[in-house]
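Enquirer: Dropping in input.cif, with mmCIF, C-alpha atoms.
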```cif
data_work
loop_
_atom_site.label_atom_id
_atom_site.label_comp_id
_atom_site.auth_asym_id
_atom_site.auth_seq_id
_atom_site.Cartn_x
_atom_site.Cartn_y
_atom_site.Cartn_z
CA MET L 42 74.01 -10.09 -105.56
CA SER L 43 70.98 -8.12 -104.35
CA TRP L 44 70.26 -7.21 -100.74
CA THR L 45 67.24 -9.55 -100.84
CA SER L 46 69.48 -12.43 -101.88
CA LEU L 47 71.96 -11.66 -99.11
CA ARG L 48 69.22 -11.61 -96.50
CA SER L 49 67.93 -14.99 -97.63
CA LEU L 50 71.38 -16.61 -97.81
CA PRO L 51 71.46 -18.02 -94.25
CA ILE L 52 67.98 -19.42 -94.73
CA ASP L 53 68.98 -21.06 -98.02
CA ILE L 54 72.10 -22.56 -96.44
CA PHE L 55 70.15 -24.25 -93.65
CA ARG L 56 67.08 -25.15 -95.69
CA VAL L 57 66.35 -28.88 -95.96
CA PRO L 58 65.43 -29.39 -99.63
CA PRO L 59 62.84 -31.99 -100.67
CA VAL L 60 64.19 -35.18 -102.20
CA GLU L 61 63.37 -34.10 -105.75
CA GLU L 62 65.63 -31.03 -105.40
CA ARG L 63 68.65 -32.91 -104.09
CA LEU L 64 71.72 -33.91 -106.04
CA PRO L 65 72.02 -37.53 -107.11
CA PHE L 66 74.80 -39.55 -105.56
CA ASN L 67 77.61 -39.56 -108.11
CA LYS L 68 81.28 -38.70 -108.44
CA TYR L 69 80.65 -34.95 -108.28
CA SER L 70 78.41 -35.04 -105.18
CA PHE L 71 80.87 -37.37 -103.47
CA LEU L 72 83.85 -35.07 -104.10
CA ALA L 73 81.98 -31.82 -103.42
CA TYR L 74 79.82 -32.82 -100.45
CA ILE L 75 80.71 -36.12 -98.80
CA LEU L 76 84.52 -36.10 -99.00
CA PRO L 77 84.96 -32.64 -97.37
CA ALA L 78 82.71 -33.65 -94.46
CA TYR L 79 84.49 -37.00 -94.12
CA LEU L 80 87.98 -35.50 -94.11
CA SER L 81 87.05 -32.68 -91.71
CA TYR L 82 85.66 -35.27 -89.28
CA HIS L 83 89.03 -37.04 -89.24
CA VAL L 84 90.85 -33.73 -88.88
CA MET L 85 88.87 -33.05 -85.70
CA ALA L 86 89.67 -36.57 -84.48
CA LEU L 87 93.35 -35.77 -84.97
CA LEU L 88 93.15 -32.44 -83.17
CA VAL L 89 91.35 -33.84 -80.11
CA ILE L 90 94.22 -36.24 -79.37
CA LEU L 91 96.85 -33.52 -79.74
CA PRO L 92 97.61 -31.09 -76.89
CA ARG L 93 96.88 -27.36 -77.01
CA THR L 94 94.42 -27.52 -79.91
CA ARG L 95 91.19 -26.46 -78.20
CA LEU L 96 91.05 -22.96 -79.69
CA LEU L 97 91.65 -24.37 -83.16
CA ARG L 98 88.90 -26.95 -82.63
CA ILE L 99 86.48 -24.22 -81.54
CA ALA L 100 87.37 -22.13 -84.59
CA LEU L 101 86.85 -25.05 -86.98
CA TRP L 102 83.62 -26.37 -85.42
CA PRO L 103 81.15 -24.10 -87.34
CA LEU L 104 82.75 -24.98 -90.68
CA ILE L 105 82.81 -28.73 -89.97
CA THR L 106 79.19 -28.63 -88.79
CA LEU L 107 78.14 -26.83 -91.97
CA LEU L 108 79.97 -29.39 -94.13
CA ALA L 109 78.20 -32.20 -92.27
CA PHE L 110 74.80 -30.54 -92.75
CA ARG L 111 75.41 -30.11 -96.50
CA ALA L 112 76.35 -33.76 -96.87
CA ALA L 113 73.32 -34.94 -94.91
CA VAL L 114 70.55 -33.01 -96.67
CA TYR L 115 71.74 -32.13 -100.19
CA ILE L 116 72.34 -35.61 -101.63
CA ASP L 117 69.74 -38.20 -102.64
CA PHE L 118 70.87 -41.81 -102.30
CA SER L 119 67.49 -43.27 -103.25
CA GLY L 120 68.02 -43.03 -106.99
CA GLY L 121 64.49 -41.69 -107.39
CA ASP L 122 62.91 -44.76 -105.75
CA PRO L 123 60.61 -43.66 -102.89
CA LYS L 124 61.00 -47.06 -101.24
CA ARG L 125 64.73 -46.39 -100.84
CA THR L 126 64.37 -43.13 -98.93
CA PHE L 127 65.51 -45.08 -95.87
CA VAL L 128 69.06 -44.81 -97.29
CA ASN L 129 68.83 -41.01 -97.04
CA VAL L 130 67.53 -41.33 -93.48
CA ASN L 131 70.29 -43.72 -92.44
CA PHE L 132 72.98 -41.51 -93.94
CA ALA L 133 71.56 -38.41 -92.24
CA LEU L 134 71.52 -40.26 -88.91
CA ILE L 135 75.17 -41.25 -89.31
CA VAL L 136 76.18 -37.69 -90.18
CA PHE L 137 74.17 -36.31 -87.26
CA CYS L 138 75.97 -38.65 -84.85
CA PHE L 139 79.33 -37.65 -86.31
CA ALA L 140 78.40 -33.97 -85.90
CA VAL L 141 77.54 -34.51 -82.23
CA ARG L 142 80.86 -36.32 -81.72
CA VAL L 143 82.65 -33.35 -83.27
CA LEU L 144 80.84 -31.06 -80.81
CA GLU L 145 81.97 -33.25 -77.92
CA TRP L 146 85.55 -33.17 -79.16
CA THR L 147 85.36 -29.39 -79.67
CA VAL L 148 84.45 -28.49 -76.08
CA ARG L 149 86.81 -30.99 -74.49
CA LYS L 150 89.58 -29.30 -72.50
CA ASP L 151 92.11 -32.13 -72.28
CA PRO L 152 93.27 -34.35 -75.15
CA LEU L 153 91.77 -37.80 -75.47
CA LYS L 154 94.11 -40.63 -74.55
CA ARG L 155 94.07 -44.23 -75.70
CA HIS L 156 94.78 -46.59 -72.81
CA ILE L 157 94.13 -49.96 -74.52
CA ARG L 158 95.97 -50.94 -77.68
CA PRO L 159 96.09 -54.17 -79.71
CA ALA L 160 98.58 -56.71 -78.39
CA GLY L 161 102.04 -56.23 -79.88
CA SER L 162 101.26 -52.89 -81.53
CA SER L 163 103.26 -49.70 -81.12
CA PRO L 164 101.74 -46.22 -80.71
CA SER L 165 100.70 -44.66 -84.02
CA ILE L 166 98.86 -41.37 -84.33
CA VAL L 167 97.41 -42.41 -87.69
CA MET L 168 95.95 -45.62 -86.28
CA ASP L 169 94.73 -43.73 -83.21
CA VAL L 170 92.85 -41.28 -85.43
CA LEU L 171 91.26 -44.07 -87.45
CA ASP L 172 90.30 -45.99 -84.31
CA LEU L 173 88.76 -42.96 -82.61
CA SER L 174 86.84 -41.98 -85.76
CA THR L 175 85.18 -45.37 -86.12
CA ASN L 176 84.96 -46.41 -82.47
CA MET L 177 81.48 -45.16 -81.54
CA ARG L 178 81.60 -46.53 -77.98
CA GLY L 179 85.10 -45.20 -77.38
CA PHE L 180 86.42 -48.62 -76.34
CA GLY L 181 90.01 -48.30 -75.18
CA TRP L 182 89.84 -44.50 -74.75
CA ASN L 183 89.60 -42.54 -71.52
CA LEU L 184 86.14 -41.19 -72.41
CA SER L 185 84.70 -44.72 -71.99
CA LYS L 186 86.21 -45.58 -68.61
CA SER L 187 82.77 -45.39 -67.00
CA PHE L 188 81.27 -47.77 -69.58
CA ARG L 189 80.67 -51.43 -68.79
CA PHE L 190 81.23 -53.54 -71.89
CA PRO L 191 79.64 -57.00 -72.35
CA PRO L 192 81.84 -59.98 -71.51
CA GLU L 193 83.50 -61.74 -74.42
CA ASN L 194 81.85 -65.06 -75.31
CA ARG L 195 83.14 -65.51 -78.85
CA PRO L 196 86.11 -67.71 -79.88
CA THR L 197 89.54 -66.35 -78.97
CA SER L 198 91.24 -67.77 -82.06
CA ARG L 199 91.37 -65.19 -84.88
CA LEU L 200 90.21 -67.70 -87.51
CA TRP L 201 87.30 -69.00 -85.46
CA PHE L 202 86.42 -65.47 -84.35
CA ILE L 203 86.10 -64.41 -88.01
CA ALA L 204 84.01 -67.50 -88.80
CA TYR L 205 81.74 -66.82 -85.82
CA VAL L 206 81.19 -63.19 -86.86
CA PHE L 207 80.49 -64.24 -90.46
CA ILE L 208 77.85 -66.77 -89.36
CA SER L 209 76.36 -64.25 -86.93
CA PHE L 210 76.01 -61.74 -89.77
CA TRP L 211 73.96 -64.13 -91.92
CA PHE L 212 71.86 -65.29 -89.00
CA SER L 213 71.09 -61.68 -88.00
CA ARG L 214 70.25 -60.85 -91.60
CA PHE L 215 67.83 -63.76 -91.70
CA ILE L 216 66.15 -62.59 -88.47
CA CYS L 217 65.85 -59.07 -89.95
CA GLY L 218 64.10 -60.52 -92.97
CA LEU L 219 61.74 -62.61 -90.85
CA SER L 220 60.78 -59.63 -88.71
CA GLN L 221 60.06 -57.46 -91.74
CA LEU L 222 57.99 -60.20 -93.38
CA ALA L 223 56.00 -60.61 -90.17
CA LEU L 224 55.38 -56.88 -89.78
CA LEU L 225 54.14 -56.53 -93.35
CA ALA L 226 51.97 -59.64 -93.06
CA PHE L 227 49.89 -58.01 -90.31
CA SER L 228 48.64 -55.33 -92.70
CA PRO L 229 49.95 -55.81 -96.25
CA GLU L 230 47.68 -53.11 -97.70
CA THR L 231 48.81 -50.27 -95.41
CA PHE L 232 52.23 -51.17 -93.93
CA THR L 233 53.69 -51.62 -97.41
CA ALA L 234 52.61 -48.07 -98.34
CA LEU L 235 55.08 -45.24 -97.81
CA SER L 236 52.30 -43.21 -96.15
CA GLY L 237 52.35 -45.74 -93.30
CA ASP L 238 49.64 -46.68 -90.84
CA THR L 239 49.12 -47.07 -87.10
CA ILE L 240 49.78 -50.35 -85.30
CA PHE L 241 46.59 -49.81 -83.26
CA ASP L 242 43.79 -51.47 -85.26
CA PRO L 243 40.58 -49.49 -84.57
CA THR L 244 38.39 -52.44 -85.66
CA LEU L 245 39.51 -54.52 -82.66
CA PRO L 246 38.32 -54.27 -79.04
CA PRO L 247 40.77 -52.37 -76.79
CA LEU L 248 42.38 -55.47 -75.24
CA MET L 249 42.83 -57.29 -78.56
CA ARG L 250 44.01 -54.05 -80.15
CA TYR L 251 46.77 -53.70 -77.56
CA ILE L 252 47.75 -57.38 -77.81
CA ARG L 253 48.16 -56.93 -81.57
CA SER L 254 50.18 -53.71 -81.22
CA SER L 255 52.37 -55.34 -78.55
CA ALA L 256 53.09 -58.27 -80.86
CA LEU L 257 54.12 -55.83 -83.57
CA THR L 258 56.30 -53.97 -81.06
CA ILE L 259 58.11 -57.14 -79.97
CA ILE L 260 58.67 -58.21 -83.59
CA ASP L 261 60.05 -54.79 -84.50
CA ALA L 262 62.31 -54.79 -81.44
CA CYS L 263 63.73 -58.16 -82.56
CA GLY L 264 64.31 -56.67 -86.00
CA ILE L 265 66.11 -53.63 -84.57
CA TYR L 266 68.25 -55.88 -82.38
CA ALA L 267 69.14 -58.03 -85.39
CA VAL L 268 69.88 -55.16 -87.78
CA MET L 269 72.23 -53.49 -85.29
CA GLN L 270 73.96 -56.83 -84.69
CA MET L 271 74.19 -57.44 -88.44
CA ASN L 272 75.78 -54.04 -89.09
CA TYR L 273 78.22 -54.52 -86.24
CA ASP L 274 79.14 -58.00 -87.49
CA ILE L 275 80.00 -56.77 -90.96
CA VAL L 276 82.27 -53.96 -89.75
CA THR L 277 83.83 -56.33 -87.21
CA PHE L 278 84.49 -58.84 -90.00
CA PHE L 279 86.25 -56.26 -92.16
CA GLY L 280 88.16 -54.84 -89.18
CA VAL L 281 89.56 -58.23 -88.13
CA ALA L 282 89.72 -60.17 -91.41
CA VAL L 283 90.70 -57.41 -93.84
CA PHE L 284 92.52 -54.81 -91.72
CA GLN L 285 93.99 -57.41 -89.34
CA GLN L 286 92.78 -55.71 -86.19
CA ASP L 287 92.84 -57.45 -82.83
CA PRO L 288 89.47 -59.14 -82.07
CA ALA L 289 89.72 -57.56 -78.61
CA GLN L 290 89.07 -54.18 -80.29
CA TRP L 291 85.54 -55.36 -81.10
CA PRO L 292 83.73 -56.22 -77.85
CA PRO L 293 80.19 -57.67 -78.18
CA ALA L 294 77.37 -55.29 -79.05
CA TYR L 295 74.80 -56.69 -76.59
CA ASP L 296 74.62 -58.68 -73.39
CA LYS L 297 71.29 -60.56 -73.52
CA PRO L 298 68.95 -57.57 -73.09
CA TRP L 299 66.00 -59.91 -72.46
CA LYS L 300 67.60 -60.75 -69.09
CA SER L 301 67.42 -57.13 -67.88
CA ASP L 302 65.96 -56.75 -64.40
CA SER L 303 65.80 -52.95 -64.42
CA LEU L 304 65.50 -50.16 -66.94
CA ARG L 305 68.94 -48.95 -65.94
CA ASP L 306 70.34 -52.42 -66.61
CA PHE L 307 68.62 -52.52 -70.01
CA TRP L 308 69.43 -49.06 -71.35
CA GLY L 309 72.71 -48.50 -69.56
CA TYR L 310 74.37 -51.82 -70.23
CA ARG L 311 72.60 -54.73 -71.95
CA TRP L 312 71.21 -52.84 -74.97
CA HIS L 313 73.72 -51.60 -77.53
CA GLN L 314 75.65 -48.46 -76.50
CA PHE L 315 76.71 -47.22 -79.95
CA LEU L 316 74.80 -43.94 -79.66
CA ARG L 317 75.15 -43.42 -75.92
CA ARG L 318 77.66 -40.58 -76.20
CA THR L 319 75.50 -38.92 -78.86
CA PHE L 320 72.47 -38.87 -76.56
CA ILE L 321 74.51 -37.68 -73.58
CA VAL L 322 75.98 -34.74 -75.48
CA ALA L 323 72.69 -33.84 -77.20
CA GLY L 324 70.55 -33.88 -74.06
CA GLY L 325 72.31 -35.15 -70.95
CA TRP L 326 74.91 -32.39 -70.69
CA PRO L 327 72.52 -29.42 -71.14
CA LEU L 328 69.83 -30.63 -68.71
CA GLY L 329 72.38 -32.11 -66.33
CA SER L 330 74.05 -28.72 -65.91
CA LEU L 331 70.66 -27.24 -64.94
CA PHE L 332 68.96 -29.99 -62.90
CA GLY L 333 71.71 -32.28 -61.65
CA HIS L 334 71.72 -36.05 -62.02
CA ALA L 335 67.99 -36.39 -62.68
CA GLY L 336 68.28 -33.78 -65.43
CA TYR L 337 71.25 -35.66 -66.85
CA VAL L 338 69.26 -38.90 -67.06
CA LEU L 339 66.11 -37.28 -68.47
CA GLY L 340 68.13 -35.15 -70.86
CA THR L 341 69.98 -38.18 -72.21
CA PHE L 342 66.71 -39.93 -73.03
CA LEU L 343 65.23 -36.73 -74.48
CA GLY L 344 68.34 -36.53 -76.66
CA SER L 345 67.57 -40.05 -77.82
CA GLY L 346 63.99 -39.00 -78.55
CA ILE L 347 65.21 -36.04 -80.61
CA VAL L 348 67.53 -38.23 -82.68
CA HIS L 349 64.79 -40.81 -83.33
CA ASN L 350 62.35 -38.01 -84.12
CA VAL L 351 64.74 -36.70 -86.78
CA VAL L 352 64.73 -40.17 -88.35
CA VAL L 353 60.92 -40.36 -88.35
CA VAL L 354 60.36 -36.81 -89.62
CA MET L 355 62.86 -37.24 -92.45
CA ASN L 356 60.80 -40.22 -93.55
CA ASN L 357 57.37 -38.59 -93.11
CA GLN L 358 56.89 -35.03 -91.86
CA SER L 359 53.24 -35.65 -90.94
CA VAL L 360 54.17 -37.67 -87.84
CA GLU L 361 53.72 -35.67 -84.62
CA TRP L 362 56.97 -34.21 -83.26
CA TRP L 363 56.19 -35.29 -79.69
CA CYS L 364 55.82 -38.99 -80.52
CA MET L 365 59.45 -40.07 -80.06
CA ILE L 366 60.38 -37.38 -77.56
CA LEU L 367 57.56 -38.38 -75.17
CA SER L 368 58.19 -42.11 -75.53
CA PHE L 369 61.94 -41.98 -74.93
CA GLY L 370 61.46 -39.29 -72.29
CA MET L 371 59.25 -41.69 -70.34
CA MET L 372 62.06 -44.26 -70.47
CA GLY L 373 64.13 -41.67 -68.61
CA VAL L 374 61.29 -41.13 -66.14
CA GLY L 375 61.31 -44.87 -65.47
CA VAL L 376 65.04 -44.81 -64.69
CA VAL L 377 64.54 -41.85 -62.33
CA LEU L 378 61.71 -43.73 -60.59
CA GLU L 379 64.06 -46.67 -60.06
CA GLN L 380 66.63 -44.36 -58.49
CA GLY L 381 63.92 -42.89 -56.26
CA PHE L 382 62.93 -46.40 -55.19
CA THR L 383 66.55 -47.13 -54.24
CA LEU L 384 66.81 -43.90 -52.22
CA LEU L 385 63.59 -44.65 -50.34
CA THR L 386 64.16 -48.35 -49.64
CA GLY L 387 67.92 -48.78 -49.87
CA LYS L 388 67.35 -51.66 -52.30
CA GLN L 389 68.17 -51.96 -55.99
CA VAL L 390 65.45 -52.80 -58.50
CA GLY L 391 66.03 -56.40 -59.53
CA GLY L 392 64.88 -60.00 -59.39
CA TRP L 393 61.81 -61.34 -61.13
CA ILE L 394 59.77 -58.33 -60.04
CA GLY L 395 62.37 -56.08 -61.63
CA ARG L 396 62.13 -58.07 -64.86
CA VAL L 397 58.34 -57.79 -64.94
CA TRP L 398 58.58 -54.05 -64.24
CA THR L 399 61.25 -53.54 -66.93
CA MET L 400 59.49 -55.44 -69.70
CA THR L 401 56.13 -53.85 -68.85
CA TRP L 402 57.51 -50.31 -69.01
CA LEU L 403 59.44 -51.08 -72.21
CA LEU L 404 56.34 -52.56 -73.83
CA VAL L 405 53.98 -49.71 -72.85
CA TRP L 406 56.15 -46.94 -74.26
CA GLY L 407 57.65 -49.16 -76.93
CA ASN L 408 54.18 -49.36 -78.47
CA MET L 409 54.27 -45.61 -79.07
CA ILE L 410 57.78 -45.74 -80.49
CA VAL L 411 56.93 -48.49 -82.97
CA ASP L 412 53.65 -46.76 -83.83
CA GLY L 413 55.69 -43.70 -84.81
CA PHE L 414 57.92 -45.85 -87.01
CA ALA L 415 54.88 -47.48 -88.65
CA ARG L 416 53.02 -44.21 -89.30
CA SER L 417 56.13 -42.69 -90.86
CA GLY L 418 56.14 -45.43 -93.50
CA MET L 419 59.35 -47.10 -92.34
CA PHE L 420 57.75 -50.56 -92.60
CA GLY L 421 57.21 -49.94 -96.32
CA SER L 422 60.87 -49.37 -97.15
CA ALA L 423 62.48 -51.64 -99.70
CA ASN L 424 63.25 -55.11 -98.39
CA VAL L 425 67.02 -55.54 -98.28
CA PHE L 426 66.80 -58.86 -96.43
CA GLU L 427 65.60 -61.14 -99.26
CA VAL L 428 67.45 -64.03 -97.62
CA ALA L 429 64.29 -64.71 -95.54
CA VAL L 430 61.85 -64.70 -98.49
CA PRO L 431 61.67 -68.54 -98.66
CA ALA L 432 60.07 -68.46 -95.20
CA LYS L 433 57.34 -66.03 -96.27
CA GLY L 434 54.67 -68.71 -96.55
CA ILE L 435 55.31 -69.94 -93.01
CA VAL L 436 55.35 -66.41 -91.60
CA ASP L 437 52.11 -65.48 -93.39
CA HIS L 438 50.42 -68.63 -92.09
CA TYR L 439 51.18 -67.94 -88.43
CA VAL L 440 50.46 -64.21 -88.66
CA THR L 441 47.10 -64.95 -90.32
CA ALA L 442 46.27 -67.50 -87.63
CA PHE L 443 47.15 -65.01 -84.90
CA ASP L 444 45.10 -62.26 -86.54
CA THR L 445 42.13 -64.64 -86.88
CA TRP L 446 42.38 -65.47 -83.17
CA LEU L 447 42.34 -61.77 -82.31
CA ARG L 448 39.10 -61.30 -84.24
CA THR L 449 37.21 -64.30 -82.87
#
```
Since I need it in another form, could you write the structure as structure tokens?
Expert:
Amino acid sequence: MSWTSLRSLPIDIFRVPPVEERLPFNKYSFLAYILPAYLSYHVMALLVILPRTRLLRIALWPLITLLAFRAAVYIDFSGGDPKRTFVNVNFALIVFCFAVRVLEWTVRKDPLKRHIRPAGSSPSIVMDVLDLSTNMRGFGWNLSKSFRFPPENRPTSRLWFIAYVFISFWFSRFICGLSQLALLAFSPETFTALSGDTIFDPTLPPLMRYIRSSALTIIDACGIYAVMQMNYDIVTFFGVAVFQQDPAQWPPAYDKPWKSDSLRDFWGYRWHQFLRRTFIVAGGWPLGSLFGHAGYVLGTFLGSGIVHNVVVVMNNQSVEWWCMILSFGMMGVGVVLEQGFTLLTGKQVGGWIGRVWTMTWLLVWGNMIVDGFARSGMFGSANVFEVAVPAKGIVDHYVTAFDTWLRT
């Protein structure tokens, strides 16, 4: 190997290849790329619950991170179909979150301890490793003691719990399909293209333009809510019905986010918390160590912006880097403003005024977030929710009527 090749080796290792240069997903790529990353992730989960393993975790962290990076960027799951690039994006997001979890486990001084176990079960290190690896919110572990989980409102009987989750999955899938049909109906020529387009229609007056973009934002938010619920339902179903886990191990994903009366209530509790630890480690810890609690809050939301920016850029590199970071950063600014209000007045943000404030702030900056998604071409991804196709005529009718009203 020449000196030139040696000098370029680190660059080649960390280069993100274009889709056409990636390996197809097959038996070889699974064994050579995905399986090593998957197994190393579980090895780290084992080490973090064992005492006196911190030095070993630190030593293994660079290797495990490199394995995760290789799995995320060197395999193409789209099968050559540009409309299925969202599969690559979703897989990269999952691997990124796992890598951040590994970093959190690496720097931890004390072992993680499980303080809630299924009724009637005995301690098992194998089951603890599996639970920790798949338990994104850390439910039942000491790292989630400060979390507030939604109250349980599903049936307590195992059989009826499984039936409820199964029905919820299909309902959420239907809502996902409706939301995607509605989004595409607003601009079928441009939103269906992988190049994407803005949600701000320049042919409309400013007020009508913002009403249209806000409608798109609300529809997309409903779709995001439904797709997260759908994914959680399917893994809950397999956990309880197939692997015979206790339903108590699967607390609800949401707690009626539309009832939020503050940004803190929305983002810190009622919205799903699956990626909360990821955002805290990626941004909250670094800025919190420098600027205290305010830095911790802002850093957590900036971490969220970075993660969402990775998703957008992997789909379309022409989207501005600041789009997601600014939008989610302003969500953090809103939370800090609420804390400032409490310090000045001694009162918590809440009531109907708090609800108006929360939904207004979410809608203003949510417009920019959804605009970033739309311009990256995410609306044009393949439709995997065909269950809602029979309602396409109804959706098109109402979207067309709404669009006509905007232009009159």
Enquirer: Applied to this file, what does the PyMOL selection byres ((chain L and resi 362) around 12) return in terms of residues, put as a list in words?
Expert: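 On the file shown, the PyMOL selection byres ((chain L and resi 362) around 12) covers Gly346, Ile347, Val348, His349, Asn350, Val351, Val352, Val353, Val354, Met355, Asn357, Gln358, Ser359, Val360, Glu361, Trp363, Cys364, Met365, Ile366, Leu367, Ser368, Ile410, Gly413 and Ser417 of chain L.
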Enquirer: Using only C-alpha atoms, which of the listed residues (L:Arg448, L:Lys124, L:Arg63, L:Lys433) sits closest to Ser220 of chain L?
Expert: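 Closest to Ser220 of chain L of all the choices is L:Lys433.
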Enquirer: Using only C-alpha atoms for the distances, tell me which of L:Thr445, L:Ser345, L:Ser303, L:Thr277 is nearest to Leu316 of chain L.
Expert: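 Closest to Leu316 of chain L of all the choices is L:Ser345.
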Enquirer: I'd like to know which of L:Val374, L:Ile157, L:Leu385, L:Ile240 is closest to Ala256 of chain L, using only C-alpha atoms.
Expert: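 Nearest candidate to Ala256 of chain L out of L:Val374, L:Ile157, L:Leu385, L:Ile240: L:Ile240.
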Enquirer: At what distance in Å, to one decimal, does atom CA of Thr258 of chain L lie from atom CA of Thr233 of chain L?
Expert: 16.7 Å
Enquirer: Hey, which of L:Thr341, L:Ser255, L:Ser165, L:Asn194 ends up closest to Val405 of chain L? Count only C-alpha atoms.
Expert: L:Ser255
Enquirer: With all atoms listed in the file as the counted atoms, please give the residues lying no more than 8 Å from Thr147 of chain L, apart from itself and same-chain residues fewer than 2 positions off, as a VMD selection string.
Expert: chain L and resid 85 89 95 98 to 99 102 143 to 145 149
Enquirer: Return the single residue from L:Thr197, L:Leu173, L:Ala73, L:Leu88 that is closest to Lys150 of chain L, with distances computed using all atoms listed in the file.
Expert: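 Among the listed residues, L:Leu88 lies closest to Lys150 of chain L.
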Enquirer: Would you list the contacts of Pro159 of chain L as a list of chain:residue names, taking every protein, DNA or RNA residue within 12 Å and counting all atoms listed in the file, but skipping same-chain residues closer than 6 positions in sequence?
Expert: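 These residues fall inside the cut-off: L:Ser165, L:Met168, L:Asp169, L:Asp172, L:Phe180, L:Gly181, L:Val281, L:Gln285, L:Gln286, L:Asp287, L:Pro288, L:Ala289, L:Gln290, L:Trp291.
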Enquirer: I need the residue nearest Trp211 of chain L from this list: L:Asn131, L:Asn272, L:Gln380, L:Ser162. Use all atoms listed in the file for the distance.
Expert: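 Closest residue, counting all atoms listed in the file: L:Asn272.
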Enquirer: For segment 328-334 of chain L, work out the shell of residues within 12 Å, counting only C-alpha atoms and skipping chain neighbours fewer than 3 positions away, then give it as a ChimeraX atom specification.
Expert: /L:320-325,337-344,373,376-377,380-381
Enquirer: Excluding Ala234 of chain L and residues on its chain fewer than 2 positions from it, collect all residues at most 7 Å away from it, counting all atoms listed in the file, and give them as a list in words.
Expert: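 Within the cut-off, the hits are Thr231, Phe232, Ser236, Gly237, Gly418 and Gly421 of chain L.
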Enquirer: Mind listing as a PyMOL selection string all residues within 12 Å of (49.6, -52.2, -76.0), counting all atoms listed in the file?
Expert: chain L and resi 240-242+246-259+401-412
Enquirer: Write out as a PyMOL selection string which residues come within 9 Å of Leu222 of chain L when counting all atoms listed in the file, dropping same-chain ones fewer than 2 positions away.
Expert: chain L and resi 217-220+224-227+424+429-430+432-433+436-437
Enquirer: Can you measure atom CA of Val397 of chain L to atom CA of Phe190 of chain L for me? One decimal in Å is fine.
Expert: 24.3 Å
